[in-house]
Amino acid sequence: MKKRTILNYILTAVSLWACGLLLTGCQDPYAPTLQHPQLTSAHILGYSVRQRPIELITIGTGEEKVMIIATIHGNEDAGTPLVYKLLDKLRTRPDFLAGRTVLIVPLANPDGYALRTRFNASGIDLNRNFPASNRINNEVHGQQGLTEPESRILYDLVLAYQPMRIVSIHQPLYCLDYDGPGEDIARHMGRYCSLPVKKLGSRPGSMGSFVGIEQNIPIITMELAKEDSELTAAQLWDTYGRALLAAITYPELPY
């Protein structure tokens, strides 16, 4: 039921934003209420293989850009309610946004989410579909980089905004991994949650390999626990919220 509710919210939200309306009074527990329209905006970046929208929510107007991406693997979905709670927090604490813009992709793989699978609707692992020099071409990773609309959307987004740092939320390895010059940020985040900092190594054709190694943009892979998909949004926030705020306020404290 929770899965359908989140997906229904996203489709409803897109319709409302397309009409130029603000989301107010929505019954979905994860839905953001745009209380500060001067700070918050949303638009559709593009569409998945099965024509589900992939949206970007932007909050803040500062020059320092921080990007947060959730659910690039469809069955690793705890990040989606977590980033909606992050939006709630940022709307009540605009001081966190001083000099910053936070760019949030709450559901990067909507087809995989609907199908309850790691892959997209074409059976491709989106986090192995980037044009990194270490990529492996095959039926699961794609026969070349950026064969999938979802990975092309994220690729274009990173190049267009050139964020100072990126957090990509995954499951189930329970650690803070990093690629590129991201170790200090990972350790800063680790002070505010129980996830240990652990260098897993750059995966072939991954977003971490492309962004961190080849673009030299710090990227943190926030690996939550498998069972975190069963937590409520409030429980997820209590467990990991301050670490996400630390990624935004780095090197300042998230208070």
# chains A, B, ... in the order shown; residues from 1 in each chain; ligands from 1
>>> closest_atom_pairs(of="stretch 139-202 of chain A", to="stretch 50-68 of chain A", cutoff="9 Å", atoms="only C-alpha atoms", output="CSV")
residue,atom,partner,partner_atom,distance
A:Glu150,CA,A:Ile54,CA,7.8
A:Ile153,CA,A:Ile54,CA,8.3
A:Val158,CA,A:Met67,CA,8.4
A:Tyr161,CA,A:Lys65,CA,7.5
A:Gln162,CA,A:Lys65,CA,7.7
A:Pro163,CA,A:Lys65,CA,4.7
A:Met164,CA,A:Lys65,CA,5.6
A:Arg165,CA,A:Val66,CA,5.4
A:Ile166,CA,A:Met67,CA,4.7
A:Val167,CA,A:Ile68,CA,4.8
A:Ser168,CA,A:Ile68,CA,5.8
A:Ile169,CA,A:Ile68,CA,7.7
>>> select_by_dssp(residues="stretch 170-206 of chain A", states="alpha helix (DSSP H)", output="PyMOL selection string")
chain A and resi 183-190
>>> residues_around(residues="A:Ser194", least_positions_apart="5", cutoff="12 Å", atoms="only C-alpha atoms", output="ChimeraX atom specification")
/A:174-176,187,189,222-225,238-243
>>> write_last_selection(atoms="C-alpha atoms", output="CSV table (one decimal), in the first residue's frame")
chain,number,residue,atom,x,y,z
A,174,TYR,CA,24.7,-0.2,5.3
A,175,CYS,CA,27.6,2.2,4.9
A,176,LEU,CA,28.7,5.5,3.5
A,187,ARG,CA,33.1,11.2,7.4
A,189,MET,CA,27.9,12.7,7.4
A,222,MET,CA,24.4,6.4,1.2
A,223,GLU,CA,23.7,2.7,1.6
A,224,LEU,CA,20.8,2.1,4.0
A,225,ALA,CA,19.8,-1.2,5.5
A,238,ASP,CA,15.1,10.0,12.9
A,239,THR,CA,17.7,7.5,11.8
A,240,TYR,CA,19.3,9.3,8.8
A,241,GLY,CA,17.9,12.8,8.5
A,242,ARG,CA,20.7,14.7,10.3
A,243,ALA,CA,23.3,12.9,8.1
>>> closest_atom_pairs(of="stretch 112-149 of chain A", to="stretch 212-218 of chain A", cutoff="10 Å", atoms="only C-alpha atoms", output="Markdown table")
| residue | atom | partner | partner_atom | distance |
| --- | --- | --- | --- | --- |
| A:Pro131 | CA | A:Glu214 | CA | 9.7 |
| A:Ala132 | CA | A:Glu214 | CA | 7.1 |
| A:Ser133 | CA | A:Glu214 | CA | 8.2 |
>>> write_last_selection(atoms="C-alpha atoms", output="mmCIF file, in the first residue's frame")
data_model
loop_
_atom_site.group_PDB
_atom_site.id
_atom_site.type_symbol
_atom_site.label_atom_id
_atom_site.label_comp_id
_atom_site.auth_asym_id
_atom_site.auth_seq_id
_atom_site.Cartn_x
_atom_site.Cartn_y
_atom_site.Cartn_z
ATOM 1 C CA PRO A 131 29.751 6.339 -19.795
ATOM 2 C CA ALA A 132 32.604 5.781 -17.360
ATOM 3 C CA SER A 133 35.862 4.420 -18.685
#
>>> residues_around(residues="A:Glu148", least_positions_apart="5", cutoff="12 Å", atoms="only C-alpha atoms", output="count of residues only")
28
>>> residues_around(residues="A:Ala234", least_positions_apart="2", cutoff="10 Å", atoms="only C-alpha atoms", output="list of chain:residue names")
A:Pro29, A:Tyr30, A:Pro81, A:Leu82, A:Lys85, A:Leu231, A:Thr232, A:Leu236, A:Trp237, A:Asp238, A:Thr239, A:Gly241
>>> closest_residue(among="A:His43, A:Arg152, A:Lys226, A:Arg135", to="A:Gly208", atoms="only C-alpha atoms")
A:Arg135
>>> select_by_dssp(residues="stretch 149-213 of chain A", states="strand (DSSP E or B)", output="VMD selection string")
chain A and resid 165 to 170 173 to 179 197
>>> decode(residues="stretch 101-137 of chain A", atoms="N, CA and C atoms", output="PDB file, in the first residue's frame")
ATOM      1  N   THR A 101      21.636  25.866  -3.082  1.00  0.00           N
ATOM      2  CA  THR A 101      20.482  25.317  -3.782  1.00  0.00           C
ATOM      3  C   THR A 101      20.564  23.804  -3.659  1.00  0.00           C
ATOM      4  N   VAL A 102      19.476  23.171  -3.226  1.00  0.00           N
ATOM      5  CA  VAL A 102      19.432  21.715  -3.109  1.00  0.00           C
ATOM      6  C   VAL A 102      18.563  21.176  -4.240  1.00  0.00           C
ATOM      7  N   LEU A 103      19.117  20.268  -5.002  1.00  0.00           N
ATOM      8  CA  LEU A 103      18.461  19.661  -6.154  1.00  0.00           C
ATOM      9  C   LEU A 103      18.137  18.218  -5.808  1.00  0.00           C
ATOM     10  N   ILE A 104      16.852  17.861  -5.797  1.00  0.00           N
ATOM     11  CA  ILE A 104      16.434  16.539  -5.336  1.00  0.00           C
ATOM     12  C   ILE A 104      15.685  15.803  -6.449  1.00  0.00           C
ATOM     13  N   VAL A 105      16.158  14.603  -6.752  1.00  0.00           N
ATOM     14  CA  VAL A 105      15.437  13.682  -7.638  1.00  0.00           C
ATOM     15  C   VAL A 105      14.872  12.587  -6.732  1.00  0.00           C
ATOM     16  N   PRO A 106      13.589  12.655  -6.370  1.00  0.00           N
ATOM     17  CA  PRO A 106      13.069  11.728  -5.362  1.00  0.00           C
ATOM     18  C   PRO A 106      12.854  10.301  -5.855  1.00  0.00           C
ATOM     19  N   LEU A 107      12.738  10.115  -7.171  1.00  0.00           N
ATOM     20  CA  LEU A 107      12.469   8.775  -7.696  1.00  0.00           C
ATOM     21  C   LEU A 107      13.092   8.675  -9.088  1.00  0.00           C
ATOM     22  N   ALA A 108      14.342   8.194  -9.132  1.00  0.00           N
ATOM     23  CA  ALA A 108      15.094   8.180 -10.381  1.00  0.00           C
ATOM     24  C   ALA A 108      14.725   7.016 -11.286  1.00  0.00           C
ATOM     25  N   ASN A 109      14.103   5.987 -10.732  1.00  0.00           N
ATOM     26  CA  ASN A 109      13.757   4.798 -11.513  1.00  0.00           C
ATOM     27  C   ASN A 109      12.296   4.422 -11.246  1.00  0.00           C
ATOM     28  N   PRO A 110      11.347   5.213 -11.755  1.00  0.00           N
ATOM     29  CA  PRO A 110       9.943   4.957 -11.424  1.00  0.00           C
ATOM     30  C   PRO A 110       9.416   3.623 -11.963  1.00  0.00           C
ATOM     31  N   ASP A 111       9.928   3.163 -13.090  1.00  0.00           N
ATOM     32  CA  ASP A 111       9.466   1.862 -13.609  1.00  0.00           C
ATOM     33  C   ASP A 111       9.953   0.733 -12.713  1.00  0.00           C
ATOM     34  N   GLY A 112      11.219   0.767 -12.334  1.00  0.00           N
ATOM     35  CA  GLY A 112      11.737  -0.256 -11.436  1.00  0.00           C
ATOM     36  C   GLY A 112      11.025  -0.241 -10.101  1.00  0.00           C
ATOM     37  N   TYR A 113      10.686   0.947  -9.631  1.00  0.00           N
ATOM     38  CA  TYR A 113       9.931   1.075  -8.382  1.00  0.00           C
ATOM     39  C   TYR A 113       8.565   0.407  -8.505  1.00  0.00           C
ATOM     40  N   ALA A 114       7.880   0.663  -9.608  1.00  0.00           N
ATOM     41  CA  ALA A 114       6.556   0.073  -9.812  1.00  0.00           C
ATOM     42  C   ALA A 114       6.638  -1.439  -9.987  1.00  0.00           C
ATOM     43  N   LEU A 115       7.707  -1.919 -10.611  1.00  0.00           N
ATOM     44  CA  LEU A 115       7.870  -3.345 -10.884  1.00  0.00           C
ATOM     45  C   LEU A 115       8.540  -4.093  -9.733  1.00  0.00           C
ATOM     46  N   ARG A 116       9.011  -3.352  -8.710  1.00  0.00           N
ATOM     47  CA  ARG A 116       9.727  -3.922  -7.566  1.00  0.00           C
ATOM     48  C   ARG A 116      10.988  -4.651  -8.007  1.00  0.00           C
ATOM     49  N   THR A 117      11.771  -4.015  -8.855  1.00  0.00           N
ATOM     50  CA  THR A 117      12.998  -4.611  -9.346  1.00  0.00           C
ATOM     51  C   THR A 117      14.124  -3.591  -9.305  1.00  0.00           C
ATOM     52  N   ARG A 118      15.328  -4.062  -9.243  1.00  0.00           N
ATOM     53  CA  ARG A 118      16.517  -3.216  -9.265  1.00  0.00           C
ATOM     54  C   ARG A 118      16.620  -2.446 -10.587  1.00  0.00           C
ATOM     55  N   PHE A 119      16.185  -3.084 -11.653  1.00  0.00           N
ATOM     56  CA  PHE A 119      16.441  -2.588 -13.001  1.00  0.00           C
ATOM     57  C   PHE A 119      15.317  -1.680 -13.489  1.00  0.00           C
ATOM     58  N   ASN A 120      15.528  -1.074 -14.664  1.00  0.00           N
ATOM     59  CA  ASN A 120      14.426  -0.329 -15.267  1.00  0.00           C
ATOM     60  C   ASN A 120      13.559  -1.280 -16.082  1.00  0.00           C
ATOM     61  N   ALA A 121      12.591  -0.758 -16.801  1.00  0.00           N
ATOM     62  CA  ALA A 121      11.642  -1.610 -17.523  1.00  0.00           C
ATOM     63  C   ALA A 121      12.301  -2.378 -18.663  1.00  0.00           C
ATOM     64  N   SER A 122      13.482  -1.949 -19.081  1.00  0.00           N
ATOM     65  CA  SER A 122      14.223  -2.662 -20.134  1.00  0.00           C
ATOM     66  C   SER A 122      15.187  -3.697 -19.559  1.00  0.00           C
ATOM     67  N   GLY A 123      15.186  -3.856 -18.249  1.00  0.00           N
ATOM     68  CA  GLY A 123      16.075  -4.830 -17.619  1.00  0.00           C
ATOM     69  C   GLY A 123      17.506  -4.355 -17.486  1.00  0.00           C
ATOM     70  N   ILE A 124      17.728  -3.036 -17.519  1.00  0.00           N
ATOM     71  CA  ILE A 124      19.066  -2.462 -17.417  1.00  0.00           C
ATOM     72  C   ILE A 124      19.282  -1.900 -16.015  1.00  0.00           C
ATOM     73  N   ASP A 125      20.453  -2.174 -15.471  1.00  0.00           N
ATOM     74  CA  ASP A 125      20.855  -1.569 -14.206  1.00  0.00           C
ATOM     75  C   ASP A 125      21.297  -0.141 -14.505  1.00  0.00           C
ATOM     76  N   LEU A 126      20.491   0.826 -14.108  1.00  0.00           N
ATOM     77  CA  LEU A 126      20.773   2.220 -14.434  1.00  0.00           C
ATOM     78  C   LEU A 126      22.083   2.696 -13.819  1.00  0.00           C
ATOM     79  N   ASN A 127      22.456   2.129 -12.697  1.00  0.00           N
ATOM     80  CA  ASN A 127      23.696   2.537 -12.042  1.00  0.00           C
ATOM     81  C   ASN A 127      24.909   1.794 -12.588  1.00  0.00           C
ATOM     82  N   ARG A 128      24.764   1.169 -13.727  1.00  0.00           N
ATOM     83  CA  ARG A 128      25.885   0.614 -14.493  1.00  0.00           C
ATOM     84  C   ARG A 128      25.822   1.104 -15.942  1.00  0.00           C
ATOM     85  N   ASN A 129      24.995   2.110 -16.197  1.00  0.00           N
ATOM     86  CA  ASN A 129      24.723   2.547 -17.569  1.00  0.00           C
ATOM     87  C   ASN A 129      25.346   3.902 -17.898  1.00  0.00           C
ATOM     88  N   PHE A 130      26.287   4.327 -17.067  1.00  0.00           N
ATOM     89  CA  PHE A 130      26.942   5.614 -17.307  1.00  0.00           C
ATOM     90  C   PHE A 130      28.203   5.427 -18.145  1.00  0.00           C
ATOM     91  N   PRO A 131      28.618   6.464 -18.869  1.00  0.00           N
ATOM     92  CA  PRO A 131      29.751   6.339 -19.795  1.00  0.00           C
ATOM     93  C   PRO A 131      31.108   6.497 -19.110  1.00  0.00           C
ATOM     94  N   ALA A 132      31.318   5.769 -18.052  1.00  0.00           N
ATOM     95  CA  ALA A 132      32.604   5.781 -17.360  1.00  0.00           C
ATOM     96  C   ALA A 132      33.585   4.878 -18.101  1.00  0.00           C
ATOM     97  N   SER A 133      34.850   5.186 -17.955  1.00  0.00           N
ATOM     98  CA  SER A 133      35.862   4.420 -18.685  1.00  0.00           C
ATOM     99  C   SER A 133      35.964   2.975 -18.200  1.00  0.00           C
ATOM    100  N   ASN A 134      35.474   2.680 -17.003  1.00  0.00           N
ATOM    101  CA  ASN A 134      35.535   1.314 -16.478  1.00  0.00           C
ATOM    102  C   ASN A 134      34.266   0.508 -16.766  1.00  0.00           C
ATOM    103  N   ARG A 135      33.365   1.051 -17.588  1.00  0.00           N
ATOM    104  CA  ARG A 135      32.095   0.362 -17.799  1.00  0.00           C
ATOM    105  C   ARG A 135      32.310  -0.964 -18.541  1.00  0.00           C
ATOM    106  N   ILE A 136      31.372  -1.865 -18.349  1.00  0.00           N
ATOM    107  CA  ILE A 136      31.349  -3.157 -19.021  1.00  0.00           C
ATOM    108  C   ILE A 136      30.074  -3.222 -19.842  1.00  0.00           C
ATOM    109  N   ASN A 137      30.182  -3.407 -21.132  1.00  0.00           N
ATOM    110  CA  ASN A 137      29.012  -3.485 -22.001  1.00  0.00           C
ATOM    111  C   ASN A 137      28.456  -4.900 -22.004  1.00  0.00           C
TER     112      ASN A 137
END
